[in-house]
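The data block below is protein15.cif; it holds mmCIF, C-alpha atoms.
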data_model
loop_
_atom_site.label_atom_id
_atom_site.label_comp_id
_atom_site.auth_asym_id
_atom_site.auth_seq_id
_atom_site.Cartn_x
_atom_site.Cartn_y
_atom_site.Cartn_z
CA MET R 48 234.80 -85.83 58.02
CA ILE R 49 235.73 -86.28 61.65
CA GLN R 50 239.37 -86.29 62.75
CA ILE R 51 240.42 -87.18 66.27
CA GLN R 52 243.62 -85.64 67.59
CA SER R 53 246.22 -87.97 69.02
CA GLU R 54 245.79 -87.19 72.71
CA ALA R 55 242.00 -87.46 72.50
CA TRP R 56 242.25 -90.70 70.54
CA GLN R 57 244.63 -92.22 73.09
CA ALA R 58 242.21 -91.28 75.89
CA ILE R 59 239.28 -92.88 74.04
CA VAL R 60 241.12 -96.11 73.21
CA SER R 61 242.59 -96.38 76.74
CA HIS R 62 239.13 -96.01 78.22
CA ALA R 63 237.63 -98.61 75.87
CA GLN R 64 240.40 -101.09 76.69
CA ALA R 65 240.15 -100.42 80.44
CA ILE R 66 236.40 -100.99 80.49
CA TYR R 67 236.62 -104.20 78.37
CA PRO R 68 234.85 -106.67 78.42
CA ASN R 69 232.07 -104.14 79.00
CA GLU R 70 231.02 -101.44 76.58
CA CYS R 71 232.47 -98.03 77.30
CA CYS R 72 231.01 -94.67 76.32
CA GLY R 73 231.89 -91.03 76.33
CA ALA R 74 231.70 -87.65 74.67
CA MET R 75 233.94 -86.01 72.09
CA LEU R 76 234.63 -82.30 72.40
CA GLY R 77 236.23 -80.18 69.75
CA THR R 78 235.63 -77.73 66.96
CA ILE R 79 233.83 -77.68 63.62
CA ASP R 80 235.19 -75.86 60.59
CA GLY R 81 232.93 -76.32 57.58
CA ASP R 82 232.64 -80.07 56.95
CA VAL R 83 235.60 -80.93 59.16
CA LYS R 84 235.04 -81.86 62.80
CA THR R 85 238.14 -81.98 64.96
CA VAL R 86 237.97 -83.86 68.25
CA LYS R 87 240.37 -82.39 70.81
CA VAL R 88 239.10 -84.05 74.00
CA GLY R 89 237.76 -87.56 74.58
CA LEU R 90 235.73 -87.46 77.75
CA ALA R 91 235.02 -90.81 79.42
CA ILE R 92 231.49 -91.05 80.82
CA GLU R 93 230.18 -93.83 83.04
CA ASN R 94 228.10 -96.47 81.30
CA ALA R 95 224.79 -96.11 83.14
CA PHE R 96 223.10 -99.18 81.66
CA THR R 97 221.77 -101.20 84.58
CA GLY R 98 221.88 -104.63 82.90
CA VAL R 99 224.68 -106.57 81.25
CA GLN R 100 227.16 -103.97 80.08
CA HIS R 101 229.15 -106.05 77.63
CA GLU R 102 226.34 -105.64 75.12
CA ARG R 103 224.79 -102.28 76.00
CA TYR R 104 225.62 -98.75 77.03
CA GLU R 105 223.58 -95.81 78.18
CA LEU R 106 224.56 -92.21 78.86
CA ARG R 107 222.79 -90.31 81.59
CA PRO R 108 221.41 -87.06 80.12
CA GLU R 109 222.80 -85.16 83.10
CA ASP R 110 226.29 -86.47 82.28
CA LEU R 111 225.84 -85.30 78.70
CA LEU R 112 224.71 -81.92 79.99
CA LYS R 113 227.92 -81.71 82.05
CA ALA R 114 229.96 -82.61 78.96
CA ASP R 115 228.23 -79.87 76.96
CA ARG R 116 228.96 -77.36 79.73
CA GLU R 117 232.57 -78.44 79.84
CA ALA R 118 232.86 -77.98 76.07
CA ARG R 119 231.37 -74.49 76.28
CA SER R 120 233.64 -73.51 79.17
CA ARG R 121 236.68 -74.59 77.12
CA GLY R 122 235.58 -72.79 73.98
CA MET R 123 234.71 -76.05 72.24
CA ASP R 124 231.61 -77.90 71.10
CA LEU R 125 230.15 -81.28 71.96
CA ILE R 126 230.45 -82.90 68.54
CA GLY R 127 230.14 -86.62 69.04
CA ILE R 128 229.66 -89.70 71.15
CA PHE R 129 231.87 -92.76 71.29
CA HIS R 130 231.24 -96.27 72.53
CA SER R 131 232.89 -99.66 72.18
CA HIS R 132 231.82 -103.06 70.85
CA PRO R 133 233.72 -105.72 72.81
CA ASP R 134 234.73 -108.73 70.70
CA CYS R 135 232.80 -107.69 67.64
CA ASP R 136 233.17 -105.29 64.76
CA ALA R 137 232.59 -101.53 64.76
CA TYR R 138 229.22 -101.45 63.02
CA PHE R 139 226.19 -99.34 63.89
CA SER R 140 223.71 -101.86 65.24
CA GLU R 141 219.92 -101.72 65.22
CA THR R 142 220.13 -101.03 68.97
CA ASP R 143 222.55 -98.19 68.30
CA LEU R 144 220.28 -96.71 65.64
CA LYS R 145 217.08 -96.89 67.70
CA ASN R 146 218.69 -95.39 70.78
CA SER R 147 220.89 -92.79 69.17
CA CYS R 148 219.93 -89.27 68.25
CA PRO R 149 220.44 -87.77 64.81
CA TRP R 150 222.48 -84.83 66.00
CA TYR R 151 225.96 -86.14 66.60
CA SER R 152 228.75 -88.22 65.11
CA PHE R 153 228.83 -91.69 66.65
CA VAL R 154 232.25 -93.32 66.78
CA VAL R 155 232.24 -97.06 67.46
CA LEU R 156 235.43 -98.86 68.52
CA SER R 157 235.93 -102.57 68.01
CA ILE R 158 237.86 -104.09 70.92
CA TYR R 159 238.96 -107.70 70.51
CA LYS R 160 240.42 -109.57 73.49
CA GLY R 161 240.95 -106.28 75.29
CA GLN R 162 242.87 -104.61 72.46
CA PHE R 163 241.72 -101.94 70.02
CA HIS R 164 241.08 -103.42 66.58
CA HIS R 165 239.37 -100.79 64.38
CA ALA R 166 236.83 -97.96 64.49
CA ASN R 167 234.17 -96.33 62.36
CA SER R 168 232.07 -93.19 62.61
CA PHE R 169 228.38 -92.95 61.75
CA LEU R 170 225.85 -90.18 61.24
CA PRO R 171 222.27 -91.29 62.01
CA ASN R 172 219.71 -89.58 59.77
CA ALA R 173 216.87 -87.44 61.13
CA GLU R 174 214.37 -90.33 60.97
CA GLN R 175 216.80 -92.73 62.69
CA THR R 176 216.27 -95.23 59.88
CA GLU R 177 219.87 -95.42 58.74
CA ALA R 178 223.29 -94.24 59.78
CA PRO R 179 225.73 -93.79 56.92
CA LYS R 180 229.45 -93.90 57.64
CA GLU R 181 231.40 -90.69 57.73
CA GLU R 182 235.11 -90.47 57.05
CA LEU R 183 237.08 -90.97 60.26
CA LYS R 184 240.74 -90.13 60.79
CA TYR R 185 242.65 -90.92 63.97
CA MET P 8 214.45 -63.39 79.48
CA THR P 9 215.35 -67.07 79.44
CA LYS P 10 218.44 -68.47 77.78
CA ILE P 11 218.11 -71.64 75.73
CA LEU P 12 221.42 -73.41 75.10
CA ILE P 13 221.46 -74.88 71.61
CA PRO P 14 223.29 -78.19 70.98
CA THR P 15 226.04 -77.85 68.36
CA PRO P 16 224.33 -79.73 65.49
CA LEU P 17 221.13 -77.66 65.85
CA ARG P 18 222.84 -74.26 65.67
CA GLN P 19 222.54 -74.29 61.89
CA PHE P 20 218.79 -73.74 62.40
CA VAL P 21 219.22 -70.73 64.71
CA ASP P 22 221.57 -68.54 62.69
CA LYS P 23 224.58 -70.43 64.13
CA LYS P 24 224.01 -69.08 67.64
CA ASP P 25 224.96 -71.25 70.63
CA THR P 26 222.41 -69.54 72.87
CA VAL P 27 219.02 -68.02 72.08
CA GLU P 28 217.16 -65.71 74.45
CA VAL P 29 213.37 -65.92 74.53
CA THR P 30 210.49 -64.73 76.65
CA GLY P 31 207.86 -66.97 78.20
CA SER P 32 206.40 -67.75 81.58
CA THR P 33 206.79 -71.53 81.26
CA VAL P 34 209.26 -73.89 79.66
CA GLY P 35 206.65 -74.78 77.03
CA GLU P 36 206.13 -71.12 76.14
CA ALA P 37 209.87 -70.56 75.87
CA LEU P 38 210.27 -73.56 73.56
CA ASN P 39 207.30 -72.39 71.47
CA ALA P 40 208.93 -68.98 71.16
CA LEU P 41 212.16 -70.67 70.05
CA THR P 42 210.54 -72.81 67.36
CA ALA P 43 208.27 -69.94 66.22
CA ALA P 44 211.33 -67.81 65.57
CA HIS P 45 213.28 -70.71 64.03
CA SER P 46 210.73 -72.97 62.35
CA GLU P 47 213.30 -75.38 60.86
CA LEU P 48 214.22 -76.41 64.38
CA LYS P 49 210.75 -77.71 65.19
CA LYS P 50 210.96 -81.07 63.42
CA HIS P 51 214.21 -81.82 65.21
CA LEU P 52 212.63 -81.35 68.63
CA TYR P 53 209.00 -82.39 68.14
CA ASN P 54 207.28 -85.37 66.49
CA ASP P 55 204.29 -85.20 64.13
CA GLU P 56 201.92 -85.17 67.12
CA GLY P 57 203.57 -82.06 68.49
CA LYS P 58 205.19 -83.91 71.40
CA LEU P 59 208.87 -83.66 72.22
CA ARG P 60 210.71 -86.44 70.36
CA SER P 61 211.40 -89.49 72.49
CA PHE P 62 215.11 -88.82 72.80
CA VAL P 63 214.78 -85.12 73.65
CA ASN P 64 215.16 -84.15 77.31
CA ILE P 65 214.69 -80.61 78.50
CA TYR P 66 216.58 -79.36 81.52
CA LEU P 67 215.73 -76.22 83.44
CA ASN P 68 219.05 -75.23 84.99
CA ASP P 69 220.11 -78.60 86.52
CA GLU P 70 216.74 -80.35 86.60
CA ASP P 71 214.95 -82.52 84.07
CA ILE P 72 211.53 -80.88 83.58
CA ARG P 73 209.86 -84.34 83.62
CA TYR P 74 210.50 -84.32 87.36
CA ILE P 75 209.12 -80.81 87.84
CA LYS P 76 205.99 -79.77 85.94
CA LYS P 77 207.10 -80.82 82.46
CA GLU P 78 206.40 -78.10 79.89
CA ALA P 79 204.22 -76.23 82.40
CA THR P 80 207.28 -75.67 84.60
CA PRO P 81 207.35 -71.96 85.44
CA LEU P 82 210.34 -69.82 84.53
CA ALA P 83 212.11 -67.16 86.57
CA ASP P 84 214.20 -64.40 85.07
CA GLY P 85 217.72 -65.64 84.40
CA ASP P 86 216.79 -69.32 84.06
CA THR P 87 218.65 -71.45 81.53
CA ILE P 88 217.04 -74.19 79.46
CA SER P 89 219.19 -76.95 77.98
CA ILE P 90 218.22 -79.43 75.25
CA VAL P 91 219.85 -82.77 76.02
CA PRO P 92 219.38 -85.99 74.03
CA SER P 93 219.00 -89.48 75.48
CA ILE P 94 221.69 -91.71 74.03
CA ALA P 95 222.18 -95.43 74.41
CA GLY P 96 223.06 -98.39 72.25
CA GLY P 97 224.91 -101.64 72.05
CA ARG P 98 225.97 -104.34 69.68
#

Would it be possible to restate this file's structure as structure tokens?
Amino acid sequence: MIQIQSEAWQAIVSHAQAIYPNECCGAMLGTIDGDVKTVKVGLAIENAFTGVQHERYELRPEDLLKADREARSRGMDLIGIFHSHPDCDAYFSETDLKNSCPWYSFVVLSIYKGQFHHANSFLPNAEQTEAPKEELKY
Amino acid sequence: MTKILIPTPLRQFVDKKDTVEVTGSTVGEALNALTAAHSELKKHLYNDEGKLRSFVNIYLNDEDIRYIKKEATPLADGDTISIVPSIAGGR
């Protein structure tokens, strides 16, 4: 289960709405206690995809490295990645699955007409052949 | 010694440590030492052909080793290796 604290959630949703109609992306920092992941910081990261950004996102590895360092310096862990789907539902697409990595929680936000609509979290398996949903609380 | 920073989800394969110290004169040797000591980690970093998985990037301090000498990149005492995934997607 992944739970996102209020302040982090507001930062994530605000970023997704601000970047609309493009896809936003970012990192989630927090703590893990057994099966419960708690997101305490939503860190906006620039979408580095060089084409049309309303259908794609890409994180620069160096930006992810910075996010991991920030988590360590704050006594937290990098536990997940978020991105938005403008004007469509929060599913884990084939593109998401092929370009993800099986290490993190992936939170997808559905943004319709510039406003947050719903969100889901997914856990890609080691073979990147499927990404079952995980319980998400926000 | 070289420090290897372990991403959160992979710490379960290295006795829950966030950093592992290894010896080796190149990045490849250091990574081999890491996976030799923690064999469960290997399949998460390497494919069946023994190559780093497509989404796995290795940084030596602040530089991607693909732009240095890849796994033959030499190490100096006190260097830090980071394992960083490539992540992208879209609807």

Expected answer as a PDB file with C-alpha atoms, keeping the file's coordinate frame: all residues with atoms within 7 Å of (208.2, -85.6, 78.5), all atoms listed in the file:
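Result written to result_12.pdb:
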ATOM      1  CA  LEU P  59     208.870 -83.660  72.220  1.00  0.00           C
ATOM      2  CA  ARG P  73     209.860 -84.340  83.620  1.00  0.00           C
ATOM      3  CA  LYS P  77     207.100 -80.820  82.460  1.00  0.00           C
TER       4      LYS P  77
END

- Message: the PyMOL selection byres ((chain P) within 10 of (chain R)) - which residues does that actually catch in the file I just gave you? List them as an MDAnalysis selection string.
- Response: chainID P and resid 12:17 25 50:51 60:66 69:71 89:98

- Task: Measure the distance from atom CA of Ala114 of chain R to atom CA of Tyr159 of chain R in Å and round it to one decimal.
- Result: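 Pair atom CA of Ala114 of chain R / atom CA of Tyr159 of chain R returns 28.0 Å.
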
- Message: Env of Gly31 of chain P: 9 Å cut, atoms = all atoms listed in the file, seq-sep filter 3 positions within chain, self excluded. Answer as number ranges by chain.
- Response: P: 8-9, 34-40, 81-82

- Close residues, segment 85-87 of chain P itself excluded, 6 Å, all atoms listed in the file, min 6 positions apart in chain, as an MDAnalysis selection string: chainID P and resid 9:11 67:68

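In this structure, atom CA of Ser53 of chain R sits 25.2 Å away from atom CA of Pro171 of chain R.
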
- Note on the structure: Here atom CA of Ser120 of chain R and atom CA of Ala55 of chain R stand apart by 17.6 Å

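Of the residues listed (R:His164, R:Lys184, R:Arg121, R:His62), R:Lys184 shows the shortest atom-to-atom separation from Lys84 of chain R; distances use all atoms listed in the file.
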
- Item | Long-range neighbours of Val60 of chain R as a count of residues only, 8 Å cut-off, all atoms listed in the file, 4 positions minimum in chain | 4

- Message: As a check of understanding, name the residues that the PyMOL selection byres ((chain P and resi 21) around 10) selects in the supplied structure, as number ranges by chain.
- Response: P: 13, 17-20, 22-27, 41-42, 44-48

- Query: Can you tell me, as an MDAnalysis selection string, what residues are no more than 8 Å from Met48 of chain R when counting only C-alpha atoms, ignoring any on the same chain fewer than 5 positions away?
  - Reply: chainID R and resid 82:84 181:184

- Message: Once the PyMOL selection byres ((chain R and resi 85-88) around 6) has been evaluated on this model, what residues remain selected, and can you format them as a list in words?
- Response: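 Those residues are Ile49, Gln50, Ile51, Gln52, Ala55, Met75, Leu76, Gly77, Thr78, Lys84 and Gly89 of chain R.
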
- Between P:Asp84, P:Lys49, P:Asn54, P:Lys76, which is the closest to Ser32 of chain P once you count all atoms listed in the file?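 Of all the options, P:Asp84 lies closest to Ser32 of chain P.
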
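Remark: for Thr33 of chain P, the closest of the candidate residues P:Tyr74, P:Ile88, P:Tyr53, P:Lys58 is P:Ile88 (distances computed over all atoms listed in the file).
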
- Of the residues R:Ala91, R:Glu177, R:Phe153, R:Tyr185, which is the one nearest to Phe129 of chain R, using only C-alpha atoms?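 Among the listed residues, R:Phe153 lies closest to Phe129 of chain R.
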
Give me segment 35-82 of chain P from this structure - N, CA and C atoms, as a CSV table (one decimal), in the first residue's frame.
chain,number,residue,atom,x,y,z
P,35,GLY,N,33.2,-2.2,-13.6
P,35,GLY,CA,32.7,-3.5,-13.9
P,35,GLY,C,33.2,-4.5,-12.7
P,36,GLU,N,34.4,-4.3,-12.3
P,36,GLU,CA,34.8,-5.2,-11.2
P,36,GLU,C,34.1,-4.9,-9.9
P,37,ALA,N,33.8,-3.7,-9.7
P,37,ALA,CA,33.0,-3.3,-8.4
P,37,ALA,C,31.6,-3.9,-8.5
P,38,LEU,N,31.0,-3.8,-9.7
P,38,LEU,CA,29.6,-4.4,-9.8
P,38,LEU,C,29.7,-5.9,-9.7
P,39,ASN,N,30.7,-6.5,-10.3
P,39,ASN,CA,30.8,-8.0,-10.1
P,39,ASN,C,31.0,-8.4,-8.7
P,40,ALA,N,31.8,-7.6,-7.9
P,40,ALA,CA,32.0,-7.9,-6.5
P,40,ALA,C,30.6,-7.7,-5.8
P,41,LEU,N,29.8,-6.7,-6.2
P,41,LEU,CA,28.5,-6.5,-5.5
P,41,LEU,C,27.6,-7.7,-5.8
P,42,THR,N,27.5,-8.1,-7.0
P,42,THR,CA,26.6,-9.2,-7.4
P,42,THR,C,27.1,-10.6,-6.9
P,43,ALA,N,28.4,-10.7,-6.8
P,43,ALA,CA,29.0,-12.0,-6.2
P,43,ALA,C,28.6,-12.1,-4.8
P,44,ALA,N,28.7,-11.0,-4.1
P,44,ALA,CA,28.3,-11.1,-2.6
P,44,ALA,C,26.8,-11.1,-2.4
P,45,HIS,N,26.1,-10.6,-3.4
P,45,HIS,CA,24.6,-10.6,-3.2
P,45,HIS,C,24.0,-11.1,-4.5
P,46,SER,N,24.0,-12.4,-4.7
P,46,SER,CA,23.6,-13.0,-6.0
P,46,SER,C,22.2,-12.7,-6.4
P,47,GLU,N,21.3,-12.5,-5.4
P,47,GLU,CA,19.9,-12.3,-5.8
P,47,GLU,C,19.7,-10.9,-6.6
P,48,LEU,N,20.7,-10.1,-6.4
P,48,LEU,CA,20.7,-8.8,-7.0
P,48,LEU,C,20.9,-8.8,-8.5
P,49,LYS,N,21.6,-9.9,-8.9
P,49,LYS,CA,22.2,-9.9,-10.3
P,49,LYS,C,21.0,-9.8,-11.4
P,50,LYS,N,20.0,-10.6,-11.2
P,50,LYS,CA,18.9,-10.6,-12.2
P,50,LYS,C,18.2,-9.3,-12.3
P,51,HIS,N,18.3,-8.5,-11.3
P,51,HIS,CA,17.7,-7.2,-11.3
P,51,HIS,C,18.5,-6.1,-12.1
P,52,LEU,N,19.8,-6.4,-12.2
P,52,LEU,CA,20.7,-5.5,-12.9
P,52,LEU,C,21.1,-5.9,-14.3
P,53,TYR,N,21.2,-7.3,-14.4
P,53,TYR,CA,21.7,-7.8,-15.7
P,53,TYR,C,20.7,-8.7,-16.4
P,54,ASN,N,20.8,-8.7,-17.7
P,54,ASN,CA,19.9,-9.6,-18.5
P,54,ASN,C,20.5,-11.0,-18.6
P,55,ASP,N,19.8,-11.9,-19.4
P,55,ASP,CA,20.3,-13.3,-19.5
P,55,ASP,C,21.7,-13.3,-20.2
P,56,GLU,N,22.0,-12.3,-21.0
P,56,GLU,CA,23.2,-12.3,-21.7
P,56,GLU,C,24.4,-11.7,-20.9
P,57,GLY,N,24.0,-11.3,-19.7
P,57,GLY,CA,25.1,-10.8,-18.8
P,57,GLY,C,25.4,-9.3,-19.0
P,58,LYS,N,24.5,-8.7,-19.8
P,58,LYS,CA,24.6,-7.2,-20.0
P,58,LYS,C,23.7,-6.5,-19.0
P,59,LEU,N,24.1,-5.3,-18.7
P,59,LEU,CA,23.2,-4.5,-17.9
P,59,LEU,C,21.9,-4.3,-18.5
P,60,ARG,N,20.8,-4.5,-17.8
P,60,ARG,CA,19.5,-4.3,-18.3
P,60,ARG,C,19.3,-3.0,-19.0
P,61,SER,N,18.4,-2.9,-20.0
P,61,SER,CA,18.3,-1.7,-20.8
P,61,SER,C,18.0,-0.5,-20.0
P,62,PHE,N,17.3,-0.6,-18.9
P,62,PHE,CA,16.9,0.6,-18.2
P,62,PHE,C,17.9,0.9,-17.0
P,63,VAL,N,18.9,0.2,-16.9
P,63,VAL,CA,19.9,0.4,-15.8
P,63,VAL,C,21.0,1.3,-16.3
P,64,ASN,N,21.2,2.4,-15.6
P,64,ASN,CA,22.3,3.3,-15.9
P,64,ASN,C,23.2,3.3,-14.7
P,65,ILE,N,24.5,3.4,-14.9
P,65,ILE,CA,25.5,3.4,-13.8
P,65,ILE,C,26.2,4.7,-13.9
P,66,TYR,N,26.2,5.4,-12.7
P,66,TYR,CA,26.9,6.7,-12.6
P,66,TYR,C,28.1,6.5,-11.7
P,67,LEU,N,29.2,7.0,-12.2
P,67,LEU,CA,30.4,7.1,-11.3
P,67,LEU,C,30.5,8.6,-10.8
P,68,ASN,N,30.2,8.8,-9.5
P,68,ASN,CA,30.1,10.1,-9.0
P,68,ASN,C,29.0,10.8,-9.8
P,69,ASP,N,29.3,11.8,-10.6
P,69,ASP,CA,28.2,12.5,-11.3
P,69,ASP,C,28.1,12.2,-12.8
P,70,GLU,N,28.9,11.2,-13.2
P,70,GLU,CA,28.9,10.9,-14.7
P,70,GLU,C,28.4,9.6,-15.0
P,71,ASP,N,27.6,9.5,-16.1
P,71,ASP,CA,27.2,8.3,-16.7
P,71,ASP,C,28.3,7.5,-17.3
P,72,ILE,N,28.6,6.3,-16.9
P,72,ILE,CA,29.8,5.6,-17.4
P,72,ILE,C,29.8,5.3,-18.9
P,73,ARG,N,28.6,5.4,-19.5
P,73,ARG,CA,28.5,5.2,-21.0
P,73,ARG,C,29.3,6.3,-21.7
P,74,TYR,N,29.5,7.5,-21.0
P,74,TYR,CA,30.2,8.6,-21.6
P,74,TYR,C,31.7,8.6,-21.1
P,75,ILE,N,32.1,7.6,-20.3
P,75,ILE,CA,33.5,7.5,-19.9
P,75,ILE,C,34.0,6.2,-20.6
P,76,LYS,N,34.3,5.2,-19.9
P,76,LYS,CA,34.8,4.0,-20.5
P,76,LYS,C,33.9,2.8,-20.2
P,77,LYS,N,32.6,3.1,-20.0
P,77,LYS,CA,31.6,2.1,-19.6
P,77,LYS,C,32.1,1.3,-18.4
P,78,GLU,N,32.0,-0.1,-18.5
P,78,GLU,CA,32.3,-0.8,-17.3
P,78,GLU,C,33.8,-0.9,-17.1
P,79,ALA,N,34.6,-0.5,-18.1
P,79,ALA,CA,36.1,-0.5,-17.9
P,79,ALA,C,36.5,0.8,-17.3
P,80,THR,N,35.6,1.7,-16.9
P,80,THR,CA,36.0,3.0,-16.3
P,80,THR,C,36.7,2.7,-15.0
P,81,PRO,N,38.0,3.3,-14.9
P,81,PRO,CA,38.7,3.0,-13.7
P,81,PRO,C,38.2,3.7,-12.4
P,82,LEU,N,38.5,3.1,-11.3
P,82,LEU,CA,38.0,3.7,-10.0
P,82,LEU,C,39.2,4.2,-9.2
